[in-house]
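Below: run-v3.cif (mmCIF, C-alpha atoms and all ligand atoms)
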```
data_protein
loop_
_atom_site.label_atom_id
_atom_site.label_comp_id
_atom_site.auth_asym_id
_atom_site.auth_seq_id
_atom_site.Cartn_x
_atom_site.Cartn_y
_atom_site.Cartn_z
CA MET A 454 -8.97 27.74 -28.27
CA ALA A 455 -6.26 25.76 -26.52
CA LEU A 456 -4.84 25.44 -23.03
CA ILE A 457 -1.14 26.15 -23.33
CA VAL A 458 1.63 25.90 -20.75
CA GLN A 459 4.66 28.02 -21.67
CA LYS A 460 7.90 28.04 -19.73
CA TYR A 461 10.46 30.82 -20.03
CA GLY A 462 13.97 30.18 -18.71
CA GLY A 463 16.41 32.56 -17.04
CA THR A 464 17.88 34.15 -20.16
CA SER A 465 14.39 34.69 -21.62
CA VAL A 466 13.53 36.85 -18.57
CA ALA A 467 17.05 38.18 -17.98
CA ASN A 468 16.03 41.85 -17.84
CA THR A 469 12.92 44.01 -18.05
CA GLU A 470 13.17 44.27 -21.86
CA ARG A 471 13.14 40.47 -22.14
CA ILE A 472 10.24 40.23 -19.69
CA LYS A 473 8.26 42.69 -21.82
CA ASN A 474 9.13 40.57 -24.84
CA VAL A 475 7.75 37.48 -23.07
CA ALA A 476 4.61 39.41 -22.16
CA ARG A 477 4.06 40.36 -25.83
CA ARG A 478 4.23 36.73 -26.91
CA VAL A 479 1.89 35.62 -24.12
CA ALA A 480 -0.52 38.46 -24.95
CA ASP A 481 -0.68 37.29 -28.60
CA TYR A 482 -1.81 33.82 -27.50
CA HIS A 483 -4.26 35.30 -25.00
CA ARG A 484 -5.80 37.55 -27.67
CA ARG A 485 -6.27 34.53 -29.91
CA GLY A 486 -8.48 33.11 -27.17
CA ASP A 487 -6.07 30.58 -25.71
CA GLN A 488 -5.82 29.94 -21.99
CA VAL A 489 -2.19 30.44 -21.02
CA VAL A 490 -0.24 29.30 -17.99
CA VAL A 491 3.23 30.84 -17.91
CA VAL A 492 5.98 29.26 -15.82
CA VAL A 493 9.02 31.46 -15.30
CA SER A 494 12.52 30.95 -13.93
CA ALA A 495 14.52 33.43 -11.91
CA MET A 496 16.23 36.08 -14.04
CA SER A 497 19.51 34.64 -15.32
CA GLY A 498 22.26 34.70 -12.73
CA VAL A 499 19.89 35.28 -9.82
CA THR A 500 19.84 31.70 -8.50
CA ASP A 501 23.63 31.45 -8.83
CA GLY A 502 23.96 34.79 -7.03
CA LEU A 503 21.78 33.63 -4.15
CA ILE A 504 23.77 30.40 -3.78
CA LYS A 505 26.97 32.44 -3.73
CA LEU A 506 25.59 34.65 -0.95
CA ALA A 507 24.65 31.62 1.12
CA LYS A 508 28.10 30.09 0.67
CA GLU A 509 29.72 33.32 1.77
CA ILE A 510 27.94 32.80 5.08
CA THR A 511 28.77 29.09 5.39
CA PRO A 512 30.17 26.50 2.96
CA LEU A 513 27.41 23.97 3.72
CA PRO A 514 24.21 26.01 4.24
CA ASN A 515 21.18 24.44 5.88
CA GLU A 516 19.06 23.13 3.02
CA ARG A 517 15.71 24.27 4.37
CA GLU A 518 17.05 27.81 4.57
CA LEU A 519 18.65 27.51 1.14
CA ASP A 520 15.25 26.68 -0.33
CA MET A 521 13.71 29.61 1.49
CA LEU A 522 16.34 31.83 -0.14
CA LEU A 523 16.31 30.32 -3.65
CA ALA A 524 12.53 30.44 -3.96
CA THR A 525 12.71 34.24 -3.87
CA GLY A 526 14.38 34.31 -7.31
CA GLU A 527 11.32 33.03 -9.16
CA GLN A 528 9.02 35.09 -6.98
CA GLN A 529 10.56 38.28 -8.39
CA THR A 530 10.01 37.17 -11.98
CA ILE A 531 6.36 36.13 -11.59
CA ALA A 532 5.40 39.53 -10.23
CA LEU A 533 7.36 41.41 -12.92
CA THR A 534 5.85 39.25 -15.67
CA ALA A 535 2.33 39.82 -14.36
CA MET A 536 3.02 43.57 -14.32
CA ALA A 537 4.30 43.45 -17.89
CA LEU A 538 1.06 41.77 -18.99
CA HIS A 539 -1.02 44.33 -17.10
CA ALA A 540 0.86 47.06 -18.98
CA LEU A 541 -0.40 45.45 -22.22
CA GLY A 542 -3.96 45.39 -20.89
CA VAL A 543 -3.96 41.62 -20.30
CA PRO A 544 -5.40 40.33 -17.00
CA ALA A 545 -2.73 38.25 -15.24
CA VAL A 546 -2.18 36.86 -11.75
CA SER A 547 1.08 35.51 -10.35
CA LEU A 548 1.17 32.46 -8.07
CA THR A 549 3.99 30.92 -6.06
CA GLY A 550 4.49 27.17 -6.45
CA ALA A 551 2.55 26.60 -3.23
CA GLN A 552 -0.33 28.82 -4.36
CA ALA A 553 -0.44 26.91 -7.64
CA GLY A 554 -0.97 23.69 -5.66
CA ILE A 555 2.43 22.06 -6.21
CA VAL A 556 2.98 19.63 -3.34
CA THR A 557 6.39 18.00 -2.93
CA ASP A 558 8.24 15.68 -0.59
CA GLY A 559 10.56 17.20 1.99
CA VAL A 560 13.95 16.62 0.32
CA HIS A 561 15.14 20.20 0.34
CA THR A 562 17.02 21.48 -2.76
CA LYS A 563 15.91 18.49 -4.86
CA ALA A 564 12.33 17.82 -3.84
CA ARG A 565 10.09 15.57 -5.91
CA ILE A 566 6.60 16.60 -6.89
CA ARG A 567 4.05 14.39 -5.12
CA ASN A 568 0.90 15.85 -6.60
CA ILE A 569 -0.56 19.01 -8.04
CA THR A 570 -3.98 20.42 -7.19
CA PRO A 571 -4.36 23.12 -9.80
CA LYS A 572 -7.70 24.39 -8.49
CA ALA A 573 -6.59 28.02 -8.13
CA VAL A 574 -4.94 27.90 -11.57
CA ARG A 575 -8.11 26.57 -13.19
CA GLU A 576 -10.33 29.15 -11.53
CA LEU A 577 -8.09 31.99 -12.66
CA LEU A 578 -7.96 30.63 -16.21
CA GLU A 579 -11.76 30.37 -16.26
CA SER A 580 -11.95 34.00 -15.15
CA GLY A 581 -10.00 34.94 -18.28
CA ALA A 582 -6.64 35.69 -16.66
CA VAL A 583 -3.20 34.55 -17.69
CA VAL A 584 -1.70 32.62 -14.77
CA ILE A 585 2.00 33.12 -14.02
CA VAL A 586 3.48 30.33 -11.91
CA ALA A 587 6.84 30.46 -10.16
CA GLY A 588 9.00 27.65 -11.51
CA PHE A 589 11.39 25.48 -9.48
CA GLN A 590 9.43 25.58 -6.21
CA GLY A 591 6.75 23.81 -4.25
CA GLU A 592 5.60 23.17 -0.73
CA THR A 593 5.50 20.09 1.50
CA PRO A 594 2.15 18.98 2.96
CA GLU A 595 3.41 20.61 6.19
CA GLY A 596 3.85 23.95 4.44
CA GLN A 597 7.64 24.02 4.06
CA ILE A 598 8.97 25.73 0.93
CA THR A 599 11.03 23.41 -1.28
CA THR A 600 12.90 23.63 -4.59
CA LEU A 601 13.05 21.03 -7.34
CA GLY A 602 16.75 20.91 -8.22
CA ARG A 603 18.66 23.14 -10.64
CA GLY A 604 16.77 23.73 -13.86
CA GLY A 605 13.60 22.77 -12.00
CA SER A 606 11.32 25.24 -13.76
CA ASP A 607 11.23 22.77 -16.66
CA LEU A 608 9.70 20.27 -14.25
CA THR A 609 7.15 22.78 -12.99
CA ALA A 610 6.02 23.39 -16.59
CA ILE A 611 5.79 19.73 -17.59
CA ALA A 612 4.03 18.77 -14.36
CA MET A 613 1.57 21.66 -14.75
CA ALA A 614 0.89 20.59 -18.34
CA ALA A 615 0.19 17.04 -17.13
CA ALA A 616 -2.02 18.16 -14.23
CA LEU A 617 -4.04 20.54 -16.43
CA LYS A 618 -4.11 18.12 -19.40
CA ALA A 619 -2.82 21.02 -21.49
CA ASP A 620 -3.11 20.89 -25.27
CA LEU A 621 0.41 22.25 -25.73
CA CYS A 622 3.54 22.53 -23.61
CA GLN A 623 6.22 24.89 -24.90
CA ILE A 624 9.64 25.31 -23.29
CA TYR A 625 11.06 28.64 -24.42
CA THR A 626 14.80 29.09 -24.09
CA ASP A 627 17.77 30.89 -25.67
CA VAL A 628 18.44 28.35 -28.45
CA ASP A 629 16.17 27.22 -31.30
CA GLY A 630 15.63 23.75 -29.85
CA VAL A 631 17.52 20.62 -28.92
CA TYR A 632 20.75 20.32 -30.91
CA THR A 633 22.98 17.33 -31.67
CA ALA A 634 25.37 18.88 -29.12
CA ASP A 635 25.61 22.09 -27.11
CA PRO A 636 25.90 24.69 -29.91
CA ARG A 637 28.10 26.83 -27.66
CA ILE A 638 30.79 24.15 -27.66
CA VAL A 639 30.20 22.47 -31.03
CA PRO A 640 29.57 25.11 -33.71
CA THR A 641 28.60 22.47 -36.28
CA ALA A 642 25.79 21.07 -34.08
CA ARG A 643 22.42 20.80 -35.83
CA LYS A 644 18.95 21.46 -34.50
CA LEU A 645 16.81 18.32 -34.28
CA ASP A 646 13.19 18.42 -35.46
CA GLU A 647 12.26 15.65 -33.05
CA ILE A 648 13.81 13.43 -30.42
CA SER A 649 12.50 10.55 -28.31
CA TYR A 650 11.93 10.86 -24.56
CA ASP A 651 14.62 8.26 -23.89
CA GLU A 652 17.24 10.06 -25.97
CA MET A 653 16.34 13.43 -24.45
CA LEU A 654 16.45 11.89 -21.00
CA GLU A 655 19.94 10.48 -21.56
CA LEU A 656 21.26 13.70 -23.11
CA ALA A 657 19.78 15.74 -20.26
CA SER A 658 21.07 13.51 -17.49
CA LEU A 659 24.47 13.38 -19.20
CA GLY A 660 24.94 17.13 -19.18
CA ALA A 661 22.85 18.76 -21.93
CA LYS A 662 21.36 21.39 -19.69
CA VAL A 663 18.74 22.46 -22.23
CA MET A 664 16.19 20.34 -20.28
CA GLN A 665 16.27 19.27 -16.65
CA SER A 666 16.45 15.46 -16.73
CA ARG A 667 13.78 14.92 -14.10
CA SER A 668 11.34 16.96 -16.15
CA VAL A 669 11.91 14.65 -19.12
CA GLU A 670 11.38 11.61 -16.91
CA PHE A 671 8.09 13.13 -15.79
CA ALA A 672 7.04 13.93 -19.37
CA LYS A 673 7.73 10.34 -20.44
CA LYS A 674 5.82 8.90 -17.51
CA PHE A 675 2.75 11.03 -18.14
CA GLY A 676 3.02 11.19 -21.93
CA VAL A 677 3.45 14.96 -22.09
CA VAL A 678 4.60 15.88 -25.61
CA PHE A 679 6.52 19.15 -25.49
CA GLU A 680 8.35 21.53 -27.76
CA VAL A 681 11.69 23.20 -26.97
CA ARG A 682 11.97 26.49 -28.88
CA SER A 683 13.44 29.97 -28.79
CA SER A 684 11.90 32.93 -26.99
CA LEU A 685 13.84 35.25 -29.31
CA ASN A 686 12.28 34.24 -32.66
CA ASP A 687 9.34 32.31 -34.15
CA ASN A 688 11.26 29.35 -35.58
CA PRO A 689 9.73 25.93 -34.96
CA GLY A 690 11.62 24.06 -32.25
CA THR A 691 12.22 20.42 -31.36
CA ILE A 692 9.35 18.09 -30.49
CA VAL A 693 10.09 15.64 -27.68
CA LYS A 694 7.86 12.57 -27.78
CA GLU A 695 7.65 8.76 -27.69
CA GLU A 696 10.09 6.90 -29.95
CA THR A 697 8.93 6.10 -33.48
CA LYS A 698 10.29 3.40 -35.83
CA SER A 699 12.02 5.94 -38.05
CA MET A 700 14.12 7.24 -35.16
CA GLU A 701 16.11 4.00 -35.00
CA GLY A 702 17.78 4.70 -38.32
CA VAL A 703 20.09 7.22 -36.67
CA VAL A 704 22.85 5.64 -34.56
CA VAL A 705 23.98 8.69 -32.60
CA ARG A 706 21.34 11.36 -32.06
CA GLY A 707 23.48 13.60 -29.88
CA VAL A 708 26.66 14.14 -27.90
CA SER A 709 26.75 15.64 -24.44
CA LEU A 710 29.38 16.75 -21.99
CA ASP A 711 28.89 17.01 -18.25
CA LYS A 712 31.44 19.29 -16.62
CA ASN A 713 29.64 19.29 -13.31
CA GLN A 714 30.78 15.97 -11.97
CA ALA A 715 33.54 15.20 -9.54
CA LYS A 716 35.23 11.90 -8.81
CA LEU A 717 35.86 10.48 -5.37
CA THR A 718 38.27 7.58 -4.92
CA LEU A 719 38.49 5.55 -1.75
CA VAL A 720 41.94 4.01 -1.64
CA GLY A 721 42.62 0.73 0.17
CA VAL A 722 39.09 -0.35 0.99
CA PRO A 723 39.02 -3.73 2.82
CA ASP A 724 37.60 -6.27 0.36
CA ARG A 725 34.73 -7.89 2.26
CA PRO A 726 31.00 -8.23 1.72
CA GLY A 727 28.82 -5.32 2.77
CA VAL A 728 31.37 -2.54 2.39
CA ALA A 729 29.97 -1.10 -0.84
CA ALA A 730 26.46 -1.43 0.56
CA ARG A 731 27.46 0.56 3.64
CA ILE A 732 29.08 3.35 1.60
CA PHE A 733 26.31 3.82 -0.96
CA LYS A 734 23.51 3.46 1.57
CA ALA A 735 25.05 6.29 3.60
CA LEU A 736 25.38 8.47 0.49
CA GLY A 737 21.79 7.69 -0.48
CA ASP A 738 20.56 8.61 3.00
CA ALA A 739 22.31 11.96 2.60
CA ALA A 740 20.50 12.43 -0.76
CA VAL A 741 23.76 12.38 -2.73
CA ASN A 742 23.23 11.08 -6.26
CA VAL A 743 25.97 8.72 -7.31
CA ASP A 744 26.52 8.19 -10.99
CA MET A 745 29.36 6.00 -12.29
CA ILE A 746 30.98 3.47 -9.97
CA VAL A 747 34.19 1.58 -10.65
CA GLN A 748 35.86 -0.88 -8.31
CA ASN A 749 39.28 -2.45 -8.87
CA ILE A 750 40.47 -5.35 -6.77
CA SER A 751 44.13 -5.12 -6.01
CA HIS A 752 46.03 -8.34 -6.50
CA GLY A 753 49.09 -7.34 -4.49
CA GLU A 754 50.45 -8.56 -1.17
CA GLY A 755 48.61 -8.38 2.16
CA PRO A 756 44.90 -8.55 2.97
CA PRO A 757 42.64 -8.09 -0.10
CA GLN A 758 41.85 -4.44 -0.77
CA THR A 759 40.06 -2.50 -3.46
CA ASP A 760 40.05 1.01 -4.83
CA LEU A 761 36.55 2.33 -5.23
CA SER A 762 35.84 5.33 -7.47
CA PHE A 763 32.53 7.01 -8.13
CA THR A 764 31.24 10.28 -9.50
CA VAL A 765 28.83 12.75 -7.89
CA ASP A 766 27.55 16.21 -8.78
CA LYS A 767 30.19 18.83 -7.98
CA ALA A 768 27.59 20.55 -5.80
CA ASP A 769 27.42 17.43 -3.63
CA LEU A 770 31.16 16.85 -3.38
CA LEU A 771 31.64 18.43 0.03
CA LYS A 772 28.64 16.62 1.47
CA ALA A 773 29.72 13.28 -0.06
CA ARG A 774 33.22 13.71 1.30
CA LYS A 775 31.89 14.35 4.80
CA VAL A 776 29.71 11.23 4.64
CA ILE A 777 32.63 9.12 3.46
CA GLU A 778 35.03 10.49 6.05
CA SER A 779 32.53 9.73 8.80
CA LEU A 780 32.69 6.06 7.73
CA GLN A 781 36.48 5.90 7.89
CA PRO A 782 36.77 4.57 11.49
CA GLU A 783 34.21 1.86 10.76
CA LEU A 784 35.48 0.75 7.34
CA GLY A 785 39.17 1.45 7.68
CA PHE A 786 40.04 2.51 4.12
CA ARG A 787 43.35 4.31 3.65
CA GLU A 788 42.41 7.67 2.13
CA VAL A 789 39.89 9.61 0.04
CA LEU A 790 40.94 11.43 -3.13
CA ALA A 791 38.74 14.00 -4.84
CA ASN A 792 39.12 15.12 -8.46
CA GLU A 793 37.00 17.96 -9.77
CA ASN A 794 38.83 18.21 -13.09
CA ILE A 795 36.87 15.60 -14.97
CA GLY A 796 34.37 15.72 -17.80
CA LYS A 797 31.87 13.03 -18.71
CA LEU A 798 31.49 12.75 -22.47
CA SER A 799 28.58 10.72 -23.85
CA ILE A 800 27.03 9.69 -27.12
CA VAL A 801 23.31 8.87 -27.20
CA GLY A 802 20.98 7.28 -29.72
CA VAL A 803 18.19 4.70 -29.82
CA GLY A 804 19.82 3.38 -33.00
CA MET A 805 22.65 1.93 -30.90
CA LYS A 806 20.31 -0.90 -29.93
CA SER A 807 20.59 -2.27 -33.45
CA HIS A 808 24.11 -1.21 -34.48
CA THR A 809 27.47 -2.66 -33.46
CA GLY A 810 30.96 -1.19 -33.26
CA VAL A 811 29.84 2.13 -31.82
CA ALA A 812 31.96 1.97 -28.65
CA GLY A 813 35.04 0.90 -30.62
CA LYS A 814 34.63 3.86 -32.95
CA MET A 815 34.25 6.31 -30.06
CA PHE A 816 37.34 5.00 -28.28
CA GLU A 817 39.31 5.16 -31.54
CA VAL A 818 38.44 8.83 -31.97
CA LEU A 819 39.56 9.55 -28.40
CA ALA A 820 42.79 7.63 -28.94
CA ARG A 821 43.49 9.62 -32.09
CA GLU A 822 42.99 12.80 -30.05
CA GLY A 823 45.38 11.50 -27.38
CA VAL A 824 42.64 11.59 -24.74
CA ASN A 825 42.92 9.04 -21.94
CA ILE A 826 39.77 7.27 -20.74
CA ASP A 827 39.38 7.16 -16.98
CA MET A 828 36.00 5.43 -16.54
CA ILE A 829 33.48 3.90 -18.95
CA SER A 830 29.80 3.15 -18.61
CA THR A 831 27.23 2.05 -21.15
CA SER A 832 23.53 1.38 -21.50
CA GLU A 833 21.44 0.20 -24.44
CA ILE A 834 21.32 3.69 -25.91
CA LYS A 835 24.40 5.49 -24.60
CA ILE A 836 28.15 5.26 -24.03
CA SER A 837 29.83 7.54 -21.49
CA VAL A 838 33.48 8.08 -20.67
CA VAL A 839 35.12 10.12 -17.93
CA ILE A 840 38.10 12.07 -19.26
CA ASP A 841 40.35 14.98 -18.29
CA LEU A 842 38.34 18.21 -18.14
CA ALA A 843 41.07 20.17 -19.92
CA ARG A 844 40.64 18.02 -23.08
CA ALA A 845 36.90 17.45 -22.81
CA GLU A 846 35.64 20.09 -25.26
CA ASP A 847 38.16 19.10 -27.95
CA ALA A 848 37.16 15.49 -27.46
CA MET A 849 33.50 16.45 -27.76
CA ARG A 850 34.05 18.22 -31.09
CA ALA A 851 36.05 15.28 -32.43
CA VAL A 852 33.42 12.72 -31.40
CA HIS A 853 30.62 14.89 -32.83
CA ALA A 854 32.49 15.23 -36.13
CA ALA A 855 33.06 11.47 -36.33
CA PHE A 856 29.45 10.44 -35.66
CA ILE A 857 27.33 13.35 -36.79
CA GLY A 858 29.56 15.40 -39.10
P1 LIG B 1 16.93 28.20 -19.68
O1 LIG B 1 17.50 29.32 -18.88
O2 LIG B 1 16.02 28.66 -20.77
O3 LIG B 1 16.35 27.10 -18.86
P2 LIG B 1 19.35 26.74 -20.02
O4 LIG B 1 20.56 27.63 -19.95
O5 LIG B 1 18.99 25.94 -18.83
O6 LIG B 1 18.14 27.63 -20.50
O7 LIG B 1 19.49 25.76 -21.27
C1 LIG B 1 19.77 26.28 -22.54
C2 LIG B 1 21.23 26.07 -22.88
O8 LIG B 1 21.50 24.68 -22.94
C3 LIG B 1 21.65 26.58 -24.24
O9 LIG B 1 22.01 27.93 -24.21
C4 LIG B 1 22.82 25.67 -24.62
O10 LIG B 1 24.06 26.28 -24.44
C5 LIG B 1 22.72 24.52 -23.63
N1 LIG B 1 22.72 23.21 -24.27
C6 LIG B 1 23.48 22.16 -23.86
N2 LIG B 1 23.28 21.11 -24.65
C7 LIG B 1 22.37 21.47 -25.58
C8 LIG B 1 21.77 20.79 -26.69
N3 LIG B 1 22.04 19.52 -26.97
N4 LIG B 1 20.85 21.48 -27.42
C9 LIG B 1 20.56 22.75 -27.13
N5 LIG B 1 21.11 23.44 -26.11
C10 LIG B 1 22.02 22.81 -25.34
N1 LIG B 2 16.25 29.24 -11.26
C1 LIG B 2 16.46 27.84 -11.11
C2 LIG B 2 17.87 27.45 -11.53
O1 LIG B 2 18.64 28.27 -11.95
C3 LIG B 2 15.45 27.01 -11.83
C4 LIG B 2 15.44 27.16 -13.33
O2 LIG B 2 16.00 28.12 -13.88
O3 LIG B 2 14.85 26.31 -13.99
O4 LIG B 2 18.23 26.31 -11.43
MG MG B 3 17.21 25.48 -17.79
#
```
Here is a file; write its structure as structure tokens.
Ligand code: ADP
Ligand code: ASP
Ligand code: MG
Amino acid sequence: MALIVQKYGGTSVANTERIKNVARRVADYHRRGDQVVVVVSAMSGVTDGLIKLAKEITPLPNERELDMLLATGEQQTIALTAMALHALGVPAVSLTGAQAGIVTDGVHTKARIRNITPKAVRELLESGAVVIVAGFQGETPEGQITTLGRGGSDLTAIAMAAALKADLCQIYTDVDGVYTADPRIVPTARKLDEISYDEMLELASLGAKVMQSRSVEFAKKFGVVFEVRSSLNDNPGTIVKEETKSMEGVVVRGVSLDKNQAKLTLVGVPDRPGVAARIFKALGDAAVNVDMIVQNISHGEGPPQTDLSFTVDKADLLKARKVIESLQPELGFREVLANENIGKLSIVGVGMKSHTGVAGKMFEVLAREGVNIDMISTSEIKISVVIDLARAEDAMRAVHAAFIG
């Protein structure tokens, strides 16, 4: 008998047939004598639909109210999943994030989990029931409903597995596991049997939406080994765990493409100490995540000026722009340019630590494809470039072919 946390994403619960299919799998584990906690997402398209509704009312909806709205998506699925289990004769109880004891900070739309008190979950498991927990949501100590950022049901599952000290954590999705690249874009991508936390974390934060990056961060911190696998078949998936020696033999484990970034450029920023601090502090205070930053000092005539470019999530572009524009009178830069037509292409692998020439090879492939590089950033185990969105998928296939085959 094992305690298992299973998470089913949007496509795995996309309609009532799929929900019944999930219930059958859960019932099999339950009949075997396992204790099962099931975390579900909203049915596919529901969260996007709710965001669209909100934006029809106002382009920048109040974030507390947005959370109130978005949390309803998962609440539909937990009830339907519990009903589907009842129909199979399996006792099951659905719980919202708050009822499951998930306490978060108050940063609406991207709240962080502070702690989990899974008392209700444990009691229900002991009573023999399957517990269905709404993914993606929690509650502040003051009782405000929060959500955990897009893809946040992954985090709910990993955090639940950590809090319950589960024997197994399975993330069920619509692909057979983690691939060397998004199989929808790169048909030759291969499924990986295993991948290290650090590689998974980089791939996820660089656009591989198969796992929410914060959930991987959490798994690494608390040592939660998990498996990503398909809800549509019984194939073994990909195990995500601590790095082993043998993993270093592979230079590039995967390639990812983030099409959800936008670039802001501040033109003619006075070149004096404290300006960058002022800009990025203000963005941080507004909970805008900034990714790549590039600053070029102009060497022309007149007082020293710089151009400052950085990337943010497309979803934060409007907010970031407002923050920046509010600083204009104080800082006196010339103008702000926004570009949404960018893609961030990255290669990731722990083997890069011990191999040279990787960046050169990547840039050569891009040059051969006639793709211009706009920004570059690197870490020990990854190289990222910002390129034109229109060429990004071609570039991804070319880079995948060159490094992985
Ligand atoms: P879920 O709804 O189950 O959370 P997501 O849509 O969030 O599923 O994530 C699964 C999708 O992630 C896949 O359908 C695939 O297109 C995409 N994906 C992107 N990169 C990868 C990758 N490296 N490996 C597997 N899937 C990937
Ligand atoms: N429904 C939420 C989203 O679409 C959370 C999730 O699916 O993990 O982002
Ligand atoms: Mg997801």
request  = Considering only C-alpha atoms, return as a ChimeraX atom specification whatever protein or nucleic-acid residues lie within 10 Å of Ser580 in chain A, sequence-local ones (same chain, fewer than 5 positions apart) excluded.
outcome  = /A:544,574-575
Limited to C-alpha atoms, could you put the picked residues into a file as a compact mmCIF listing (two decimals), in the frame of the given file?
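Writing done, so here's out.txt:
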```
# COMPACT_ATOMS: atom_id res chain seq x y z
CA PRO A 544 -5.40 40.33 -17.00
CA VAL A 574 -4.94 27.90 -11.57
CA ARG A 575 -8.11 26.57 -13.19
```
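Shortest separation to ligand MG 3 (chain B) among A:Thr511, A:Thr600, A:Gln488, A:Gln665 occurs at residue A:Gln665, atoms counted being all atoms listed in the file.
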ask   = What do you get as a list in words if you pick all residues at most 10 Å from ligand MG 3 (chain B), counting all atoms listed in the file?
value = Lys460, Tyr461, Gly462, Gly463, Thr464, Ser494, Ser497, Arg603, Gly604, Gly605, Ser606, Asp607, Leu608, Ile624, Tyr625, Thr626, Asp627, Ala661, Lys662, Val663, Met664 and Gln665 of chain A
query = Can you list, as number ranges by chain, every protein, DNA or RNA residue that comes within 12 Å of range 745-758 of chain A when you count only C-alpha atoms, leaving out same-chain residues fewer than 5 positions away?
reply = A: 659, 714-726, 728-729, 732-733, 763-766, 784-787, 797, 827-832, 836-839
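Of the listed residues (A:Leu513, A:Val546, A:Leu533, A:Leu780), A:Leu533 comes nearest to Ala467 in chain A; the distances count only C-alpha atoms.
Distances to Ala545 in chain A were evaluated for A:Ala582, A:Leu519, A:Val560, A:Ala855 using all atoms listed in the file, and the minimum falls at A:Ala582.
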request  = Do a neighbour search on Arg517 in chain A at 12 Å with all atoms listed in the file, toss out local chain neighbours closer than 2 positions, and write the hits as a list in words.
outcome  = Leu513, Pro514, Asn515, Leu519, Asp520, Met521, Leu522, Leu523, Ala524, Gly559, Val560, His561, Thr562, Lys563, Ala564, Glu592, Thr593, Gly596, Gln597, Ile598, Thr599 and Thr600 of chain A
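Going from CA of Val492 in chain A to CA of Ala610 in chain A covers 5.9 Å.
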task = Enumerate, as number ranges by chain, the protein, DNA and RNA residues whose atoms approach (39.5, 16.0, -14.1) to within 6 Å, taking into account only C-alpha atoms and the coordinate frame of the file.
result = A: 792-795, 841-842
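If you measure from each of A:Lys772, A:Lys835, A:Gln590, A:Lys698 to Val811 in chain A using all atoms listed in the file, the closest one turns out to be A:Lys835.
Rounded to one decimal, CA of Val669 in chain A and CA of Val631 in chain A lie 12.8 Å from each other.
Proximity to Ala768 in chain A was assessed for A:Ile457, A:Val491, A:Ile504, A:Ala851 counting all atoms listed in the file; the smallest distance is recorded for A:Ile504.
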